[in-house]
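K.L.:
Please read through the structure below; I'll follow up with questions.
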Amino acid sequence: MRDATPAQTDETVYLKDYAPVPVTVTHVDLHVRLDPRATEVSARLTCKRQGPGEMVLNGEQLEMVALRLDGKDLPADRYTLTDKTLTLHDAPDAFLLETVARISPETNKALEGLYMSNGMYCTQCEAEGFRRITWMLDRPDVMATYDVEIEADLPVLLSNGDEVAPGKWHDPWPKPTYLFALVAGNLVAASDRFTTMEGREVALNVWVRPGDEGRTGYALDALKRSMAWDEQVYGRAYDLSVFNIVAVDDFNMGAMENKGLNVFNSKYVLASPETATDTDYALIEGIVAHEYFHNWTGNRITCRDWFQLCLKEGLTVFRDQQFSADMRSAAVQRIGDVLQLRARQFREDAGPLAHPVRPESFVEINNFYTATVYEKGAEVIGMLRRLVGPDGYQAGCDLYFERHDGQACTIEDWLKCFEDATGRDLSQFALWYSQAGTPRVTVEESWEDGVWRATLRQVVPDTPGQTDKIPMTIPVAWGLLDADGAELRPTEVFELSEAEGVIEVETASRPVLSVLRGFSAPVILEHDQSDADRLVLLAHDTDPFNRWEAGRALAKARLVAMVAEGTAPDAPWLEAIAKLARDETADPAFRALALALPSEDDLAQTLHVGGIVPDPDAIHAAREAAGLAIAQALASDLGELRRAMRVTGPYDANAEDAGKRALDAVLLRLATRLDGGDAARAAYGAADNMTDRMAAFTCLLEAGDPSVAKAFEEDWKHDRLVMDKWFAAQVMHSAPDRAVGIATGLTRRDDFDAANPNRFRSVIGALTAGNPAGFHQKDGSGYRFLADWLLKMDAMNPQMAARMSTAFDTWRRYDADRQDLIRAQLDRIAGESISRDLAEMVGRMRG
Ligand code: PHE
Ligand code: ZN
């Protein structure tokens, strides 16, 4: 395998260059005097030499007020200060380093380091934000205990660990800088308690702005369930006397696992039936769990360096997916996770931004908080669990926690625990961490003389900087049905570890193969199965994931033919769909998923892989036509089916009720295609919760009802989170030729604040990700709109700009005209003076 990384610059950091620090820090004593423009951070670092070399501390955007070593001002010839580093010459073996830095949180719009959001102070240090607070060894393999004192005329002063006096915090657990947090403001808490299995009493608080207290109940409940689950399933208990969660309106990501002080995007904390949808509730549950689970997988055991990011993220995503599967329907959870994986990670893996789960180089680490590191990283853990079995997995995890508690580790450390616990050699499996690209697995079946044979072949595609890859260990779960749908062979796992492998079964009749059950590996399966076999699987497969997958394959084949050959949807398919919609034995949530058509982006990728240049307008039109045909096929049943989905009693976010609402929403969308919005208008008026209201609202937007957006705005203009939905819905549910105009109009409103990431995403992200045909309008207006905003955003918040720029990463799929238009925008961005973050992304996309 050749390995050269594209877009190398002087600033590139390499995994192979890792070296421990010569001088480390074992304790940090911080005194922070908060002020909007002149916060003073006094730091006393207990330093200890562990090898030869100079101590190089990180520090950016800091004004130096004082510098002392062992109590004495440091003479100018003993150190060198640059805009990024502080280097100490001839540092002794053990010493106390004191610095005083001045910083300006109010003007910090990058939302990294210490910043202000609605009058409250908060920090975001992962990955390298601590260096914007004070000088420090800002890297995860330096773990220190902390004492923090906060001085401010504000009622609530929070940091990590336990509070020892008002505004004074002590964190006894050594941690890297990226887990540091400080919050100060006029906040109120919703509180509860939890007693751990070790008998520790823990105070739980969810801190919010006054007025939001009523929307904290679900997050608190999800936290308690997460704590109990981690004890039961992984044997992990919480380790401090308090666990704080803070909701912040301005936040770049979803949430952050700072030790004992999780900071959340308020979107993933606050929920009430009137303001949050079922999807919001499910996300809150999953993200609360995710951040809580990091306390062991991330905090107690952390990463040696940022190349190992998937060590904590892949594992923690896998754990939160397991948790959600236990709390809800496992099948529905798996289908949702795979939909996400394909939409985001397969797309990434197929384009110029493809990188291994463990990258080997980067310019800006913030650019590697990706679907590959997170979601594919989680799939790798899932495959590992399948290969070593549930008991082997538990033994490996137990050993990992026992052996590495308190350490900063690597993927090698993790895998070694499973090798030692199970005796299995995982060297080939480890290729999943280093080889990028989604493997393709083709399946060829034959049945002759009473022997059924499936030949499986794998190819790992070339990706930027990587060619000629080695076959990987791919666990392929499979089973057989007979032509009537009865089970012939229950699920087994075939380990495809070479380029080719064969499964053989003696059977008197031709079986129907159900392969890659549960989506047992993140691969693209090419299996030329007949419609008849797929219909058998859709109706009878014992594996619910593959039931859904068979339906999806049927739908995809239709839609591809509609786009490429102009065919119309055929009757047998429409009958099968209608039958599924009416199948009262199936879970409504499952039926809702099975009735949903593949996304426009998914279809574009499928066409591209099949050698057809995707036309975004044609894809949009085909999906509309298929939706209309389904609506017509179900026309006479829609009213009754919807009545059967009616939920009685007060709103409850549980999975069963949510499933009914989800199916009702799908049916309402079908009804709208036939009645021009009558049913949706009635549903909008009758809705007593945000799930039903949003479903009706988006239908009415699609039906082109001009009055509904005004009415919604009147009702909700006071509520930031609900208005984010209002902004996004109008962009996502407008006709493609109007989307850019609508998005542009929305950005001109007074309440469009680009500095707020949620609001920015609810317009710009809604266009690029939520209305592909609108974004890809052939006049290039969508591309220009995005590029204009990337340049504006980059000056404020480079991380946000870089992330949003990935909307361009599929540009090589499209026709020459669109390619030229996108290329011109990428060139234009590259020609401006832009951040390192955005420059790296644009550089990789231009190739
Ligand atoms: N570590 C966070 C998580 O996955 C994500 C995050 C990364 C948040 C960087 C902020 C900054 O839970
Ligand atoms: Zn995480």
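Here, A, B, ... name the chains of the structure tokens in the order displayed, residue numbers run from 1 inside each chain, and ligands are numbered from 1 in the same displayed order.
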Using only C-alpha atoms and all ligand atoms, I'd like a table of the residues in chain A that come within 10 Å of ligand 2; for each, show the closest atom pair and its distance in Å rounded to one decimal, ordered by chain and ascending number, as JSON lines.

P.N.:
```
{"residue": "A:Gly254", "atom": "CA", "partner": "ligand 2", "partner_atom_place_in_ligand_line": "1 (Zn)", "distance": 9.1}
{"residue": "A:Ala255", "atom": "CA", "partner": "ligand 2", "partner_atom_place_in_ligand_line": "1 (Zn)", "distance": 8.0}
{"residue": "A:Met256", "atom": "CA", "partner": "ligand 2", "partner_atom_place_in_ligand_line": "1 (Zn)", "distance": 7.2}
{"residue": "A:Glu257", "atom": "CA", "partner": "ligand 2", "partner_atom_place_in_ligand_line": "1 (Zn)", "distance": 7.1}
{"residue": "A:Ile287", "atom": "CA", "partner": "ligand 2", "partner_atom_place_in_ligand_line": "1 (Zn)", "distance": 8.6}
{"residue": "A:Ala289", "atom": "CA", "partner": "ligand 2", "partner_atom_place_in_ligand_line": "1 (Zn)", "distance": 9.9}
{"residue": "A:His290", "atom": "CA", "partner": "ligand 2", "partner_atom_place_in_ligand_line": "1 (Zn)", "distance": 6.2}
{"residue": "A:Glu291", "atom": "CA", "partner": "ligand 2", "partner_atom_place_in_ligand_line": "1 (Zn)", "distance": 6.2}
{"residue": "A:Tyr292", "atom": "CA", "partner": "ligand 2", "partner_atom_place_in_ligand_line": "1 (Zn)", "distance": 9.4}
{"residue": "A:Phe293", "atom": "CA", "partner": "ligand 2", "partner_atom_place_in_ligand_line": "1 (Zn)", "distance": 8.7}
{"residue": "A:His294", "atom": "CA", "partner": "ligand 2", "partner_atom_place_in_ligand_line": "1 (Zn)", "distance": 6.7}
{"residue": "A:Thr297", "atom": "CA", "partner": "ligand 2", "partner_atom_place_in_ligand_line": "1 (Zn)", "distance": 9.1}
{"residue": "A:Gly298", "atom": "CA", "partner": "ligand 2", "partner_atom_place_in_ligand_line": "1 (Zn)", "distance": 8.0}
{"residue": "A:Leu309", "atom": "CA", "partner": "ligand 2", "partner_atom_place_in_ligand_line": "1 (Zn)", "distance": 9.2}
{"residue": "A:Cys310", "atom": "CA", "partner": "ligand 2", "partner_atom_place_in_ligand_line": "1 (Zn)", "distance": 9.1}
{"residue": "A:Lys312", "atom": "CA", "partner": "ligand 2", "partner_atom_place_in_ligand_line": "1 (Zn)", "distance": 6.8}
{"residue": "A:Glu313", "atom": "CA", "partner": "ligand 2", "partner_atom_place_in_ligand_line": "1 (Zn)", "distance": 4.7}
{"residue": "A:Gly314", "atom": "CA", "partner": "ligand 2", "partner_atom_place_in_ligand_line": "1 (Zn)", "distance": 7.9}
{"residue": "A:Leu315", "atom": "CA", "partner": "ligand 2", "partner_atom_place_in_ligand_line": "1 (Zn)", "distance": 8.7}
{"residue": "A:Thr316", "atom": "CA", "partner": "ligand 2", "partner_atom_place_in_ligand_line": "1 (Zn)", "distance": 6.1}
{"residue": "A:Val317", "atom": "CA", "partner": "ligand 2", "partner_atom_place_in_ligand_line": "1 (Zn)", "distance": 6.7}
{"residue": "A:Asp320", "atom": "CA", "partner": "ligand 2", "partner_atom_place_in_ligand_line": "1 (Zn)", "distance": 9.6}
{"residue": "A:Tyr369", "atom": "CA", "partner": "ligand 2", "partner_atom_place_in_ligand_line": "1 (Zn)", "distance": 9.2}
{"residue": "A:Tyr374", "atom": "CA", "partner": "ligand 2", "partner_atom_place_in_ligand_line": "1 (Zn)", "distance": 7.7}
```

K.L.:
May I have the selected residues written with C-alpha atoms, as a compact mmCIF listing (two decimals), in the first residue's frame?

P.N.:
```txt
# COMPACT_ATOMS: atom_id res chain seq x y z
CA GLY A 254 -23.53 18.97 19.59
CA ALA A 255 -22.04 18.71 23.05
CA MET A 256 -18.79 18.27 24.96
CA GLU A 257 -17.77 15.75 27.60
CA ILE A 287 -26.26 12.74 23.06
CA ALA A 289 -25.74 9.24 26.89
CA HIS A 290 -22.82 9.81 24.55
CA GLU A 291 -21.29 12.58 26.66
CA TYR A 292 -21.90 10.69 29.88
CA PHE A 293 -20.29 7.52 28.48
CA HIS A 294 -17.19 9.54 27.62
CA THR A 297 -14.24 6.06 27.25
CA GLY A 298 -12.43 9.33 26.72
CA LEU A 309 -9.52 10.33 18.16
CA CYS A 310 -11.57 7.29 17.12
CA LYS A 312 -12.78 7.60 22.26
CA GLU A 313 -15.28 8.65 19.59
CA GLY A 314 -15.85 5.43 17.66
CA LEU A 315 -16.20 3.51 20.91
CA THR A 316 -18.46 6.09 22.53
CA VAL A 317 -20.72 6.32 19.47
CA ASP A 320 -24.57 5.34 22.69
CA TYR A 369 -14.24 15.32 13.67
CA TYR A 374 -17.19 8.79 14.54
```

K.L.:
Residues within 10 Å of stretch 420-437 of chain A, please, as a PDB file with N, CA and C atoms, in the first residue's frame. Count only C-alpha atoms; anything in the same chain fewer than 6 positions from it doesn't count.

P.N.:
```pdb
ATOM      1  N   MET A   1       0.846  -1.202   0.000  1.00  0.00           N
ATOM      2  CA  MET A   1       0.000   0.000   0.000  1.00  0.00           C
ATOM      3  C   MET A   1       0.877   1.246   0.000  1.00  0.00           C
ATOM      4  N   ASP A   3       1.390   5.107   0.616  1.00  0.00           N
ATOM      5  CA  ASP A   3       0.735   6.073   1.485  1.00  0.00           C
ATOM      6  C   ASP A   3       1.425   7.418   1.462  1.00  0.00           C
ATOM      7  N   GLN A 308      -5.535   9.418  17.418  1.00  0.00           N
ATOM      8  CA  GLN A 308      -6.278   8.320  18.060  1.00  0.00           C
ATOM      9  C   GLN A 308      -7.712   8.744  18.399  1.00  0.00           C
ATOM     10  N   CYS A 310     -10.535   8.331  17.196  1.00  0.00           N
ATOM     11  CA  CYS A 310     -11.569   7.289  17.118  1.00  0.00           C
ATOM     12  C   CYS A 310     -11.534   6.358  18.328  1.00  0.00           C
ATOM     13  N   GLN A 345     -21.087   9.121   5.916  1.00  0.00           N
ATOM     14  CA  GLN A 345     -19.755   8.519   5.871  1.00  0.00           C
ATOM     15  C   GLN A 345     -19.437   7.911   4.512  1.00  0.00           C
ATOM     16  N   PHE A 346     -20.380   7.204   3.910  1.00  0.00           N
ATOM     17  CA  PHE A 346     -20.096   6.624   2.592  1.00  0.00           C
ATOM     18  C   PHE A 346     -19.802   7.737   1.589  1.00  0.00           C
ATOM     19  N   ARG A 347     -20.551   8.813   1.729  1.00  0.00           N
ATOM     20  CA  ARG A 347     -20.324   9.964   0.861  1.00  0.00           C
ATOM     21  C   ARG A 347     -18.905  10.498   1.054  1.00  0.00           C
ATOM     22  N   GLU A 348     -18.516  10.669   2.315  1.00  0.00           N
ATOM     23  CA  GLU A 348     -17.170  11.180   2.603  1.00  0.00           C
ATOM     24  C   GLU A 348     -16.096  10.233   2.057  1.00  0.00           C
ATOM     25  N   ASP A 349     -16.306   8.930   2.271  1.00  0.00           N
ATOM     26  CA  ASP A 349     -15.338   7.915   1.867  1.00  0.00           C
ATOM     27  C   ASP A 349     -15.209   7.811   0.351  1.00  0.00           C
ATOM     28  N   ALA A 350     -16.202   8.315  -0.368  1.00  0.00           N
ATOM     29  CA  ALA A 350     -16.204   8.182  -1.825  1.00  0.00           C
ATOM     30  C   ALA A 350     -15.618   9.401  -2.527  1.00  0.00           C
ATOM     31  N   GLY A 351     -15.243  10.422  -1.768  1.00  0.00           N
ATOM     32  CA  GLY A 351     -14.808  11.664  -2.399  1.00  0.00           C
ATOM     33  C   GLY A 351     -13.417  12.098  -1.988  1.00  0.00           C
ATOM     34  N   ALA A 354     -11.922  11.633   1.699  1.00  0.00           N
ATOM     35  CA  ALA A 354     -11.789  10.302   2.310  1.00  0.00           C
ATOM     36  C   ALA A 354     -10.502  10.218   3.132  1.00  0.00           C
ATOM     37  N   HIS A 355     -10.597   9.610   4.299  1.00  0.00           N
ATOM     38  CA  HIS A 355      -9.423   9.423   5.156  1.00  0.00           C
ATOM     39  C   HIS A 355      -9.662   8.194   6.020  1.00  0.00           C
ATOM     40  N   PRO A 356      -8.600   7.597   6.556  1.00  0.00           N
ATOM     41  CA  PRO A 356      -8.788   6.423   7.401  1.00  0.00           C
ATOM     42  C   PRO A 356      -9.468   6.783   8.726  1.00  0.00           C
ATOM     43  N   VAL A 357     -10.059   5.766   9.372  1.00  0.00           N
ATOM     44  CA  VAL A 357     -10.664   5.958  10.696  1.00  0.00           C
ATOM     45  C   VAL A 357      -9.612   6.543  11.650  1.00  0.00           C
ATOM     46  N   ARG A 358      -8.378   6.072  11.505  1.00  0.00           N
ATOM     47  CA  ARG A 358      -7.283   6.739  12.205  1.00  0.00           C
ATOM     48  C   ARG A 358      -6.396   7.421  11.158  1.00  0.00           C
ATOM     49  N   PRO A 359      -6.586   8.728  10.977  1.00  0.00           N
ATOM     50  CA  PRO A 359      -5.789   9.439   9.970  1.00  0.00           C
ATOM     51  C   PRO A 359      -4.300   9.393  10.327  1.00  0.00           C
ATOM     52  N   GLU A 360      -3.467   9.597   9.324  1.00  0.00           N
ATOM     53  CA  GLU A 360      -2.027   9.580   9.588  1.00  0.00           C
ATOM     54  C   GLU A 360      -1.391  10.951   9.509  1.00  0.00           C
ATOM     55  N   THR A 372     -16.348   9.666   9.362  1.00  0.00           N
ATOM     56  CA  THR A 372     -15.464   8.506   9.291  1.00  0.00           C
ATOM     57  C   THR A 372     -14.921   8.154  10.679  1.00  0.00           C
ATOM     58  N   VAL A 373     -14.406   9.157  11.382  1.00  0.00           N
ATOM     59  CA  VAL A 373     -13.856   8.904  12.718  1.00  0.00           C
ATOM     60  C   VAL A 373     -14.967   8.446  13.667  1.00  0.00           C
ATOM     61  N   LYS A 376     -17.956   5.543  11.174  1.00  0.00           N
ATOM     62  CA  LYS A 376     -17.261   4.333  10.723  1.00  0.00           C
ATOM     63  C   LYS A 376     -16.470   3.755  11.895  1.00  0.00           C
ATOM     64  N   GLY A 377     -15.928   4.646  12.738  1.00  0.00           N
ATOM     65  CA  GLY A 377     -15.233   4.187  13.946  1.00  0.00           C
ATOM     66  C   GLY A 377     -16.137   3.321  14.805  1.00  0.00           C
ATOM     67  N   GLU A 379     -18.727   1.559  13.660  1.00  0.00           N
ATOM     68  CA  GLU A 379     -18.952   0.309  12.924  1.00  0.00           C
ATOM     69  C   GLU A 379     -17.804  -0.669  13.142  1.00  0.00           C
ATOM     70  N   VAL A 380     -16.576  -0.133  13.231  1.00  0.00           N
ATOM     71  CA  VAL A 380     -15.415  -0.999  13.443  1.00  0.00           C
ATOM     72  C   VAL A 380     -15.543  -1.702  14.805  1.00  0.00           C
ATOM     73  N   MET A 383     -18.069  -4.465  14.415  1.00  0.00           N
ATOM     74  CA  MET A 383     -17.511  -5.648  13.738  1.00  0.00           C
ATOM     75  C   MET A 383     -16.628  -6.454  14.693  1.00  0.00           C
ATOM     76  N   LEU A 384     -15.849  -5.708  15.481  1.00  0.00           N
ATOM     77  CA  LEU A 384     -14.982  -6.384  16.459  1.00  0.00           C
ATOM     78  C   LEU A 384     -15.838  -7.230  17.402  1.00  0.00           C
ATOM     79  N   LEU A 387     -16.979 -10.318  15.730  1.00  0.00           N
ATOM     80  CA  LEU A 387     -15.907 -11.295  15.499  1.00  0.00           C
ATOM     81  C   LEU A 387     -15.513 -12.023  16.783  1.00  0.00           C
ATOM     82  N   VAL A 388     -15.435 -11.318  17.893  1.00  0.00           N
ATOM     83  CA  VAL A 388     -15.011 -11.995  19.133  1.00  0.00           C
ATOM     84  C   VAL A 388     -16.206 -12.458  19.962  1.00  0.00           C
ATOM     85  N   GLY A 389     -17.419 -12.090  19.565  1.00  0.00           N
ATOM     86  CA  GLY A 389     -18.626 -12.498  20.294  1.00  0.00           C
ATOM     87  C   GLY A 389     -18.864 -11.611  21.515  1.00  0.00           C
ATOM     88  N   ASP A 391     -19.243 -12.252  24.668  1.00  0.00           N
ATOM     89  CA  ASP A 391     -18.411 -12.529  25.848  1.00  0.00           C
ATOM     90  C   ASP A 391     -16.983 -12.054  25.653  1.00  0.00           C
ATOM     91  N   GLY A 392     -16.463 -12.303  24.453  1.00  0.00           N
ATOM     92  CA  GLY A 392     -15.107 -11.836  24.144  1.00  0.00           C
ATOM     93  C   GLY A 392     -15.039 -10.320  24.190  1.00  0.00           C
ATOM     94  N   TYR A 393     -16.103  -9.702  23.722  1.00  0.00           N
ATOM     95  CA  TYR A 393     -16.141  -8.239  23.734  1.00  0.00           C
ATOM     96  C   TYR A 393     -16.136  -7.728  25.167  1.00  0.00           C
ATOM     97  N   GLN A 394     -16.921  -8.347  26.003  1.00  0.00           N
ATOM     98  CA  GLN A 394     -16.955  -7.897  27.394  1.00  0.00           C
ATOM     99  C   GLN A 394     -15.604  -8.115  28.076  1.00  0.00           C
ATOM    100  N   ALA A 395     -15.007  -9.268  27.822  1.00  0.00           N
ATOM    101  CA  ALA A 395     -13.701  -9.551  28.442  1.00  0.00           C
ATOM    102  C   ALA A 395     -12.661  -8.536  27.975  1.00  0.00           C
ATOM    103  N   GLY A 396     -12.686  -8.200  26.691  1.00  0.00           N
ATOM    104  CA  GLY A 396     -11.736  -7.226  26.152  1.00  0.00           C
ATOM    105  C   GLY A 396     -11.942  -5.845  26.753  1.00  0.00           C
ATOM    106  N   CYS A 397     -13.204  -5.441  26.869  1.00  0.00           N
ATOM    107  CA  CYS A 397     -13.494  -4.126  27.467  1.00  0.00           C
ATOM    108  C   CYS A 397     -13.059  -4.099  28.935  1.00  0.00           C
ATOM    109  N   ASP A 398     -13.377  -5.154  29.672  1.00  0.00           N
ATOM    110  CA  ASP A 398     -12.978  -5.204  31.089  1.00  0.00           C
ATOM    111  C   ASP A 398     -11.466  -5.043  31.222  1.00  0.00           C
ATOM    112  N   LEU A 399     -10.746  -5.750  30.353  1.00  0.00           N
ATOM    113  CA  LEU A 399      -9.284  -5.676  30.414  1.00  0.00           C
ATOM    114  C   LEU A 399      -8.797  -4.263  30.072  1.00  0.00           C
ATOM    115  N   TYR A 400      -9.440  -3.656  29.099  1.00  0.00           N
ATOM    116  CA  TYR A 400      -9.084  -2.285  28.688  1.00  0.00           C
ATOM    117  C   TYR A 400      -9.241  -1.327  29.867  1.00  0.00           C
ATOM    118  N   ILE A 411      -4.841   3.074  19.520  1.00  0.00           N
ATOM    119  CA  ILE A 411      -5.652   1.983  18.962  1.00  0.00           C
ATOM    120  C   ILE A 411      -4.953   0.638  19.191  1.00  0.00           C
ATOM    121  N   GLU A 412      -3.627   0.636  19.124  1.00  0.00           N
ATOM    122  CA  GLU A 412      -2.894  -0.607  19.373  1.00  0.00           C
ATOM    123  C   GLU A 412      -3.165  -1.121  20.787  1.00  0.00           C
ATOM    124  N   VAL A 459     -13.273  -5.686  -2.745  1.00  0.00           N
ATOM    125  CA  VAL A 459     -12.305  -4.742  -3.309  1.00  0.00           C
ATOM    126  C   VAL A 459     -12.322  -3.499  -2.422  1.00  0.00           C
ATOM    127  N   VAL A 460     -11.141  -3.073  -1.987  1.00  0.00           N
ATOM    128  CA  VAL A 460     -11.071  -1.818  -1.230  1.00  0.00           C
ATOM    129  C   VAL A 460     -10.595  -0.741  -2.201  1.00  0.00           C
ATOM    130  N   PRO A 461     -11.436   0.273  -2.472  1.00  0.00           N
ATOM    131  CA  PRO A 461     -11.117   1.220  -3.548  1.00  0.00           C
ATOM    132  C   PRO A 461      -9.952   2.157  -3.193  1.00  0.00           C
ATOM    133  N   ASP A 462      -9.356   2.714  -4.231  1.00  0.00           N
ATOM    134  CA  ASP A 462      -8.335   3.745  -4.032  1.00  0.00           C
ATOM    135  C   ASP A 462      -8.994   4.987  -3.423  1.00  0.00           C
ATOM    136  N   THR A 463      -8.241   5.673  -2.597  1.00  0.00           N
ATOM    137  CA  THR A 463      -8.705   6.944  -2.021  1.00  0.00           C
ATOM    138  C   THR A 463      -7.519   7.904  -2.080  1.00  0.00           C
ATOM    139  N   PRO A 464      -7.745   9.204  -1.844  1.00  0.00           N
ATOM    140  CA  PRO A 464      -6.621  10.144  -1.964  1.00  0.00           C
ATOM    141  C   PRO A 464      -5.415   9.692  -1.125  1.00  0.00           C
ATOM    142  N   GLY A 465      -4.293   9.488  -1.787  1.00  0.00           N
ATOM    143  CA  GLY A 465      -3.080   9.108  -1.090  1.00  0.00           C
ATOM    144  C   GLY A 465      -2.939   7.632  -0.792  1.00  0.00           C
ATOM    145  N   GLN A 466      -3.932   6.823  -1.123  1.00  0.00           N
ATOM    146  CA  GLN A 466      -3.856   5.381  -0.830  1.00  0.00           C
ATOM    147  C   GLN A 466      -4.308   4.570  -2.046  1.00  0.00           C
ATOM    148  N   THR A 467      -3.424   3.673  -2.491  1.00  0.00           N
ATOM    149  CA  THR A 467      -3.826   2.765  -3.580  1.00  0.00           C
ATOM    150  C   THR A 467      -3.384   1.344  -3.232  1.00  0.00           C
ATOM    151  N   LYS A 469      -4.788  -1.593  -2.079  1.00  0.00           N
ATOM    152  CA  LYS A 469      -5.038  -1.972  -0.686  1.00  0.00           C
ATOM    153  C   LYS A 469      -5.154  -3.480  -0.477  1.00  0.00           C
ATOM    154  N   ILE A 470      -5.006  -3.868   0.770  1.00  0.00           N
ATOM    155  CA  ILE A 470      -4.984  -5.275   1.159  1.00  0.00           C
ATOM    156  C   ILE A 470      -6.404  -5.687   1.576  1.00  0.00           C
ATOM    157  N   PRO A 471      -6.830  -6.922   1.261  1.00  0.00           N
ATOM    158  CA  PRO A 471      -8.148  -7.384   1.720  1.00  0.00           C
ATOM    159  C   PRO A 471      -8.262  -7.294   3.252  1.00  0.00           C
ATOM    160  N   MET A 472      -9.472  -7.002   3.713  1.00  0.00           N
ATOM    161  CA  MET A 472      -9.689  -6.823   5.138  1.00  0.00           C
ATOM    162  C   MET A 472     -10.556  -7.956   5.690  1.00  0.00           C
ATOM    163  N   THR A 473     -10.628  -8.052   7.009  1.00  0.00           N
ATOM    164  CA  THR A 473     -11.522  -9.024   7.637  1.00  0.00           C
ATOM    165  C   THR A 473     -12.924  -8.428   7.656  1.00  0.00           C
ATOM    166  N   ILE A 474     -13.828  -9.044   6.902  1.00  0.00           N
ATOM    167  CA  ILE A 474     -15.190  -8.517   6.821  1.00  0.00           C
ATOM    168  C   ILE A 474     -16.169  -9.557   7.366  1.00  0.00           C
ATOM    169  N   SER A 497     -11.986 -12.850   4.615  1.00  0.00           N
ATOM    170  CA  SER A 497     -10.712 -12.222   4.986  1.00  0.00           C
ATOM    171  C   SER A 497      -9.730 -12.214   3.822  1.00  0.00           C
ATOM    172  N   VAL A 523     -19.881  -1.854   4.337  1.00  0.00           N
ATOM    173  CA  VAL A 523     -19.429  -2.088   2.963  1.00  0.00           C
ATOM    174  C   VAL A 523     -20.576  -1.789   2.009  1.00  0.00           C
TER     175      VAL A 523
END
```

K.L.:
May I ask for the distance between atom CA of A:Phe318 and atom 6 (C, counted along the ligand's line) of ligand 1, given in Å to one decimal place?

P.N.:
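Atom 6 (C, counted along the ligand's line) of ligand 1 lies at a distance of 16.0 Å from atom CA of A:Phe318.
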
K.L.:
Would you pick out the contacts of stretch 169-176 of chain A at 7 Å or less, using only C-alpha atoms, so that residues sharing its chain but fewer than 6 positions from it are not included, and give the list as a count of residues only?

P.N.:
17

K.L.:
Could you list, as a PyMOL selection string, every residue within 10 Å of stretch 487-489 of chain A, counting only C-alpha atoms and ignoring same-chain residues fewer than 2 positions away?

P.N.:
chain A and resi 478-485+491-492+505+507+511-514+540-542

K.L.:
Counting only C-alpha atoms and all ligand atoms, which of A:Val164, A:Val56, A:Ile503, A:Met800 gets nearest to ligand 1?

P.N.:
A:Met800

K.L.:
Show me, as a PyMOL selection string, the residues that have an atom within 12 Å of A:Asn771 when counting only C-alpha atoms, minus same-chain residues fewer than 4 positions from it.

P.N.:
chain A and resi 599-601+616-617+619-620+728-740+742-743+762-767+775-777+782+807

K.L.:
Write the residues of the selection above to a file with C-alpha atoms, as a short mmCIF file (atom, residue, chain, number, x, y, z; two decimals), in the first residue's frame.

P.N.:
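Final file, part.cif:
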```cif
data_model
loop_
_atom_site.label_atom_id
_atom_site.label_comp_id
_atom_site.auth_asym_id
_atom_site.auth_seq_id
_atom_site.Cartn_x
_atom_site.Cartn_y
_atom_site.Cartn_z
CA SER A 599 -32.69 10.44 -0.43
CA GLU A 600 -31.77 12.53 -3.45
CA ASP A 601 -28.11 12.49 -2.46
CA PRO A 616 -30.26 16.74 -9.52
CA ASP A 617 -33.48 18.06 -11.10
CA ILE A 619 -33.64 12.94 -9.40
CA HIS A 620 -35.92 15.35 -7.60
CA ALA A 728 -34.70 25.33 8.00
CA ALA A 729 -38.10 24.02 6.94
CA GLN A 730 -38.70 26.84 4.46
CA VAL A 731 -35.38 26.18 2.73
CA MET A 732 -35.69 22.39 2.74
CA HIS A 733 -39.29 22.20 1.62
CA SER A 734 -39.28 24.78 -1.14
CA ALA A 735 -39.28 23.98 -4.85
CA PRO A 736 -35.66 23.62 -6.06
CA ASP A 737 -35.78 26.68 -8.32
CA ARG A 738 -36.90 28.86 -5.41
CA ALA A 739 -34.63 27.50 -2.67
CA VAL A 740 -31.65 29.84 -3.12
CA ILE A 742 -35.73 31.83 -0.12
CA ALA A 743 -32.46 31.13 1.68
CA SER A 762 -30.64 26.26 9.70
CA VAL A 763 -30.33 28.30 6.52
CA ILE A 764 -27.02 27.51 4.80
CA GLY A 765 -26.88 23.87 5.93
CA ALA A 766 -30.57 23.41 5.17
CA LEU A 767 -29.88 24.37 1.57
CA PHE A 775 -28.25 23.77 -4.05
CA HIS A 776 -27.24 22.28 -7.40
CA GLN A 777 -29.31 24.64 -9.59
CA GLY A 782 -26.41 27.79 -4.93
CA ALA A 807 -21.05 20.50 0.85
#
```
